[in-house]
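J.: Below is the file model.csv, which contains CSV, C-alpha atoms.
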chain,number,residue,atom,x,y,z
A,239,THR,CA,109.9,-98.9,70.9
A,240,VAL,CA,112.1,-101.7,72.1
A,241,GLY,CA,110.5,-104.9,73.3
A,242,PRO,CA,110.6,-108.6,72.8
A,243,ILE,CA,108.7,-110.4,70.1
A,244,ALA,CA,108.0,-114.1,70.6
A,245,LYS,CA,105.7,-116.9,69.6
A,246,SER,CA,103.7,-116.8,72.8
A,247,VAL,CA,102.9,-114.5,75.7
A,248,TYR,CA,104.8,-116.8,78.0
A,249,ASP,CA,108.0,-116.5,75.8
A,250,ALA,CA,107.6,-112.8,75.6
A,251,ALA,CA,107.2,-112.5,79.3
A,252,LEU,CA,110.3,-114.7,79.8
A,253,MET,CA,112.4,-112.5,77.5
A,254,TYR,CA,111.1,-109.3,79.1
A,255,LEU,CA,112.0,-110.4,82.6
A,256,SER,CA,115.4,-111.4,81.4
A,257,MET,CA,116.0,-108.1,79.6
A,258,ALA,CA,114.7,-106.2,82.6
A,259,LYS,CA,117.1,-108.0,85.0
A,260,ARG,CA,114.1,-109.5,86.8
A,261,ALA,CA,115.1,-113.2,86.4
A,262,LYS,CA,114.1,-114.0,89.9
A,263,GLU,CA,110.4,-113.6,88.8
A,264,ILE,CA,110.7,-116.1,86.1
A,265,PRO,CA,109.7,-119.2,88.2
A,266,ALA,CA,106.3,-117.5,88.9
A,267,LEU,CA,105.5,-117.5,85.2
A,268,ASP,CA,104.5,-121.2,85.3
A,269,GLU,CA,101.8,-120.2,87.8
A,270,ARG,CA,100.6,-117.4,85.6
A,271,PHE,CA,100.5,-119.4,82.4
A,272,PRO,CA,99.3,-122.9,83.3
A,273,GLU,CA,99.0,-125.4,80.4
A,274,SER,CA,95.3,-125.7,81.1
A,275,GLY,CA,94.7,-122.0,80.7
A,276,THR,CA,93.9,-122.1,77.0
A,277,SER,CA,90.1,-121.9,77.4
A,278,LEU,CA,88.5,-118.5,77.0
A,279,GLN,CA,85.1,-119.7,78.2
A,280,GLY,CA,83.2,-116.9,79.9
A,281,LYS,CA,85.5,-114.2,78.6
A,282,ARG,CA,84.0,-111.3,76.6
A,283,ILE,CA,86.3,-109.8,73.9
A,284,GLY,CA,85.3,-106.6,72.2
A,285,VAL,CA,85.9,-106.0,68.5
A,286,LEU,CA,86.1,-102.3,67.5
A,287,SER,CA,85.7,-102.4,63.7
A,288,SER,CA,84.5,-98.9,62.8
A,289,TYR,CA,88.0,-97.3,63.1
A,290,PHE,CA,90.5,-100.2,63.1
A,291,LEU,CA,89.2,-102.0,60.0
A,292,GLU,CA,88.3,-99.0,57.9
A,293,ARG,CA,91.6,-98.7,56.0
A,294,VAL,CA,93.5,-102.0,56.1
A,295,GLN,CA,95.0,-104.3,53.4
A,296,PRO,CA,92.9,-107.4,52.6
A,297,ASP,CA,95.6,-109.7,54.1
A,298,VAL,CA,95.5,-107.9,57.4
A,299,ALA,CA,91.7,-107.9,57.5
A,300,SER,CA,91.7,-111.6,56.7
A,301,ALA,CA,94.3,-112.5,59.4
A,302,PHE,CA,92.3,-110.4,61.9
A,303,HIS,CA,89.1,-112.2,61.2
A,304,ASP,CA,90.9,-115.5,61.5
A,305,ALA,CA,92.2,-114.4,64.9
A,306,VAL,CA,88.7,-113.4,66.1
A,307,ALA,CA,87.4,-116.8,64.9
A,308,ALA,CA,90.2,-118.6,66.9
A,309,LEU,CA,89.2,-116.6,70.0
A,310,ARG,CA,85.6,-117.6,69.5
A,311,GLU,CA,86.6,-121.3,69.1
A,312,LEU,CA,88.5,-121.1,72.4
A,313,GLY,CA,85.2,-120.1,74.0
A,314,ALA,CA,85.3,-116.3,74.1
A,315,GLU,CA,82.1,-114.3,73.4
A,316,ILE,CA,82.9,-111.8,70.7
A,317,VAL,CA,81.2,-108.4,71.3
A,318,GLU,CA,80.9,-106.0,68.4
A,319,CYS,CA,81.2,-102.5,69.9
A,320,ASP,CA,82.5,-99.0,69.1
A,321,TRP,CA,84.7,-96.4,70.7
A,322,ALA,CA,83.5,-93.0,69.8
A,323,ASP,CA,86.6,-91.2,71.0
A,324,VAL,CA,89.2,-93.3,69.1
A,325,GLY,CA,90.0,-90.4,66.7
A,326,ALA,CA,90.5,-88.0,69.6
A,327,ALA,CA,92.7,-90.6,71.3
A,328,ARG,CA,94.9,-90.8,68.2
A,329,ALA,CA,95.2,-87.0,68.0
A,330,VAL,CA,96.1,-86.7,71.7
A,331,ALA,CA,98.7,-89.4,71.4
A,332,LEU,CA,100.3,-87.8,68.4
A,333,ILE,CA,100.4,-84.4,70.0
A,334,ILE,CA,102.0,-85.7,73.2
A,335,SER,CA,104.4,-87.9,71.2
A,336,ARG,CA,105.5,-85.0,69.0
A,337,ILE,CA,106.2,-82.7,71.9
A,338,GLU,CA,107.9,-85.3,74.1
A,339,SER,CA,110.0,-86.6,71.2
A,340,ALA,CA,111.2,-83.1,70.4
A,341,ALA,CA,112.2,-82.6,74.0
A,342,VAL,CA,114.2,-85.8,74.0
A,343,HIS,CA,115.9,-85.1,70.7
A,344,ARG,CA,116.3,-81.4,71.1
A,345,ASP,CA,120.1,-81.4,70.8
A,346,GLU,CA,120.1,-83.7,67.8
A,347,LEU,CA,117.5,-81.5,66.1
A,348,ARG,CA,119.7,-78.4,66.6
A,349,ASN,CA,123.1,-80.0,65.9
A,350,ALA,CA,122.6,-83.0,63.6
A,351,ALA,CA,119.2,-82.5,61.8
A,352,ASP,CA,120.9,-83.4,58.5
A,353,LEU,CA,121.4,-87.0,59.8
A,354,MET,CA,117.7,-87.5,60.3
A,355,GLY,CA,115.2,-88.7,57.7
A,356,ASP,CA,112.8,-86.2,56.4
A,357,ALA,CA,109.8,-87.7,58.2
A,358,LEU,CA,111.4,-87.9,61.6
A,359,ARG,CA,112.9,-84.4,61.3
A,360,SER,CA,109.5,-83.0,60.3
A,361,ARG,CA,107.8,-84.7,63.3
A,362,LEU,CA,110.4,-83.3,65.7
A,363,GLU,CA,110.2,-79.8,64.2
A,364,ILE,CA,106.4,-79.8,64.7
A,365,GLY,CA,106.8,-80.9,68.3
A,366,ALA,CA,109.4,-78.3,69.0
A,367,LEU,CA,107.1,-75.5,67.7
A,368,MET,CA,104.0,-76.5,69.7
A,369,PRO,CA,103.4,-74.2,72.7
A,370,ALA,CA,103.5,-75.5,76.3
A,371,ASP,CA,99.8,-74.9,76.8
A,372,THR,CA,99.0,-77.4,73.9
A,373,TYR,CA,100.9,-80.1,75.8
A,374,LEU,CA,99.1,-79.3,79.0
A,375,ARG,CA,95.7,-79.3,77.3
A,376,ALA,CA,96.6,-82.6,75.6
A,377,ARG,CA,97.4,-84.2,78.9
A,378,GLN,CA,94.0,-83.1,80.3
A,379,VAL,CA,92.3,-84.6,77.3
A,380,ARG,CA,94.2,-87.8,77.8
A,381,LYS,CA,92.5,-88.2,81.1
A,382,ALA,CA,89.1,-87.9,79.4
A,383,ILE,CA,90.3,-90.5,76.8
A,384,ARG,CA,91.2,-92.9,79.6
A,385,ALA,CA,87.8,-92.5,81.1
A,386,SER,CA,86.2,-93.0,77.7
A,387,ILE,CA,87.8,-96.4,77.0
A,388,ALA,CA,87.1,-97.5,80.6
A,389,GLN,CA,83.5,-96.7,79.9
A,390,VAL,CA,83.5,-98.9,76.8
A,391,TYR,CA,84.9,-101.8,78.9
A,392,ARG,CA,82.2,-101.2,81.6
A,393,GLU,CA,79.3,-100.7,79.2
A,394,HIS,CA,80.0,-104.0,77.4
A,395,ASN,CA,81.4,-105.9,80.3
A,396,LEU,CA,84.6,-106.7,78.4
A,397,ASP,CA,87.7,-108.6,79.5
A,398,ALA,CA,89.7,-107.5,76.5
A,399,ILE,CA,89.6,-105.7,73.2
A,400,ALA,CA,91.0,-107.2,69.9
A,401,THR,CA,92.1,-105.0,67.0
A,402,PRO,CA,94.6,-105.2,64.2
A,403,THR,CA,98.0,-103.8,65.2
A,404,LEU,CA,99.0,-102.6,61.7
A,405,PRO,CA,97.0,-101.7,58.6
A,406,SER,CA,99.4,-103.3,56.1
A,407,THR,CA,102.0,-106.0,55.6
A,408,ALA,CA,105.6,-105.0,55.5
A,409,PRO,CA,106.5,-102.5,52.7
A,410,ARG,CA,109.6,-102.7,50.5
A,411,ALA,CA,112.6,-101.0,52.1
A,412,ASP,CA,113.0,-98.8,48.9
A,413,ASP,CA,109.4,-97.7,48.9
A,414,PRO,CA,108.3,-97.0,52.6
A,415,PHE,CA,104.6,-96.7,51.9
A,416,ALA,CA,101.6,-98.8,52.8
A,417,MET,CA,99.5,-99.5,49.6
A,418,TYR,CA,95.8,-100.0,49.7
A,419,GLU,CA,93.2,-101.6,47.3
A,420,ASP,CA,91.9,-98.2,46.2
A,421,GLY,CA,95.4,-97.3,45.0
A,422,SER,CA,96.1,-94.9,47.8
A,423,ARG,CA,99.5,-94.7,49.6
A,424,GLU,CA,100.2,-93.9,53.2
A,425,GLU,CA,103.7,-93.0,54.6
A,426,ILE,CA,104.8,-95.9,56.7
A,427,GLY,CA,105.5,-93.9,59.8
A,428,VAL,CA,101.9,-92.7,59.8
A,429,ALA,CA,100.5,-96.1,58.7
A,430,PHE,CA,102.3,-98.1,61.3
A,431,THR,CA,101.2,-95.9,64.2
A,432,ARG,CA,97.6,-95.3,63.2
A,433,GLN,CA,96.3,-98.5,64.9
A,434,THR,CA,98.5,-98.3,68.0
A,435,ALA,CA,98.5,-94.5,68.8
A,436,PRO,CA,95.0,-94.5,70.3
A,437,TRP,CA,96.1,-97.1,72.8
A,438,ASN,CA,99.1,-95.0,73.7
A,439,ALA,CA,96.7,-92.3,75.0
A,440,THR,CA,95.0,-94.8,77.3
Would you write out, as structure tokens, the structure that this file holds?
T.:
Amino acid sequence: TVGPIAKSVYDAALMYLSMAKRAKEIPALDERFPESGTSLQGKRIGVLSSYFLERVQPDVASAFHDAVAALRELGAEIVECDWADVGAARAVALIISRIESAAVHRDELRNAADLMGDALRSRLEIGALMPADTYLRARQVRKAIRASIAQVYREHNLDAIATPTLPSTAPRADDPFAMYEDGSREEIGVAFTRQTAPWNAT
């Protein structure tokens, strides 16, 4: 997924508008991100810990807790809550992603599969073998997932939800696995989408 990475939301928005050839919208950014807009007083931010903090490296957990503390210091009310359908959301996102990726890379899978890494090729092959009705059912379930997370926002009167983005710090290039305290390893493609895939379904 291509997108800008920056030190602030303002800078990321600036880069995005430039990349998207929407530079005429840049002057309006100052109105959207005023200097005085650093207070989060009156905002309610949900923290979903049951799934998103279950299997993360200590450094990630520590950084996340520091971020939550910073949000609280800025005046936000931190609301501990849960999203019962997060596992289903991840599953639906993976199914849709596999099938759509296989469709996009169909020609490469047929004609240049040897140029792909094992993990990517496997994901595309799985997507290519899934029947059309699986895709259609997954799209229907996705509607329910969207309603599910909307209900979490309504039930707790949330303005935002904060979760870790990744379960681990960057792995070595020659050993693409996330390592955890219990000694277990997780292939990096799986690890680095585990926290974000549920949101793809929303």
J.: Could you tell me which of A:Ala398, A:Asp356, A:Arg293, A:Ala341 comes closest to Ala370 in chain A if we count only C-alpha atoms?
T.: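 That would be A:Ala341, the residue with the smallest distance to Ala370 in chain A.
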J.: Nearest to Ala416 in chain A: which of A:Phe430, A:Asn349, A:Ile264, A:Ser300 is it, counting all atoms listed in the file?
T.: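 Among the listed residues, the smallest separation from Ala416 in chain A belongs to A:Phe430.
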J.: From the list A:Gly365, A:Pro402, A:Gly325, A:Gly355, which residue is nearest Ile383 in chain A when using all atoms listed in the file?
T.: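 For Ile383 in chain A, the nearest of the given residues is A:Gly325.
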J.: Can you work out the spacing between CA of Val240 in chain A and CA of Arg336 in chain A in Å, to one decimal?
T.: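 So the answer is 18.2 Å.
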J.: Calculate how many Å separate CA of Arg282 in chain A from CA of Val306 in chain A, rounding to one decimal.
T.: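 Atom-to-atom, CA of Arg282 in chain A and CA of Val306 in chain A are spaced 11.7 Å apart.
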J.: Just how far from CA of Val324 in chain A is CA of Pro436 in chain A, in Å to one decimal?
T.: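 Going from CA of Pro436 in chain A over to CA of Val324 in chain A covers 6.0 Å.
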J.: May I have the residues within 10 Å of Tyr418 in chain A as a list of chain:residue names, using all atoms listed in the file and disregarding those fewer than 6 positions away in the same chain?
T.: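 Skipping anything fewer than 6 positions along the chain leaves A:Arg293, A:Val294, A:Gln295, A:Pro296, A:Pro405, A:Ser406, A:Glu424.
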J.: Pick the closest to Ile364 in chain A from A:Ile337, A:Ala327, A:Val342, A:Val390: which is it, counting only C-alpha atoms?
T.: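 Comparing A:Ile337, A:Ala327, A:Val342, A:Val390 against Ile364 in chain A, the winner is A:Ile337.
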J.: Rank nothing, just name the residue among A:Ser287, A:Ser386, A:Thr403, A:Gln378 nearest to Glu318 in chain A, using only C-alpha atoms.
T.: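 Of A:Ser287, A:Ser386, A:Thr403, A:Gln378, the one nearest Glu318 in chain A is A:Ser287, counting only C-alpha atoms.
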J.: Please provide the set of residues having any atom within 9 Å of range 242-258 of chain A, restricted to all atoms listed in the file, with same-chain residues fewer than 6 positions apart removed, written as a list in words.
T.: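 Once the nearby chain positions are removed, what remains is Ile264, Leu267, Asp268, Arg270 and Phe271 of chain A.
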J.: Find the residue from A:Ile334, A:Leu362, A:Met417, A:Leu347 that sits nearest to Ala376 in chain A; use all atoms listed in the file when measuring.
T.: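 Closest to Ala376 in chain A, using all atoms listed in the file: A:Ile334.
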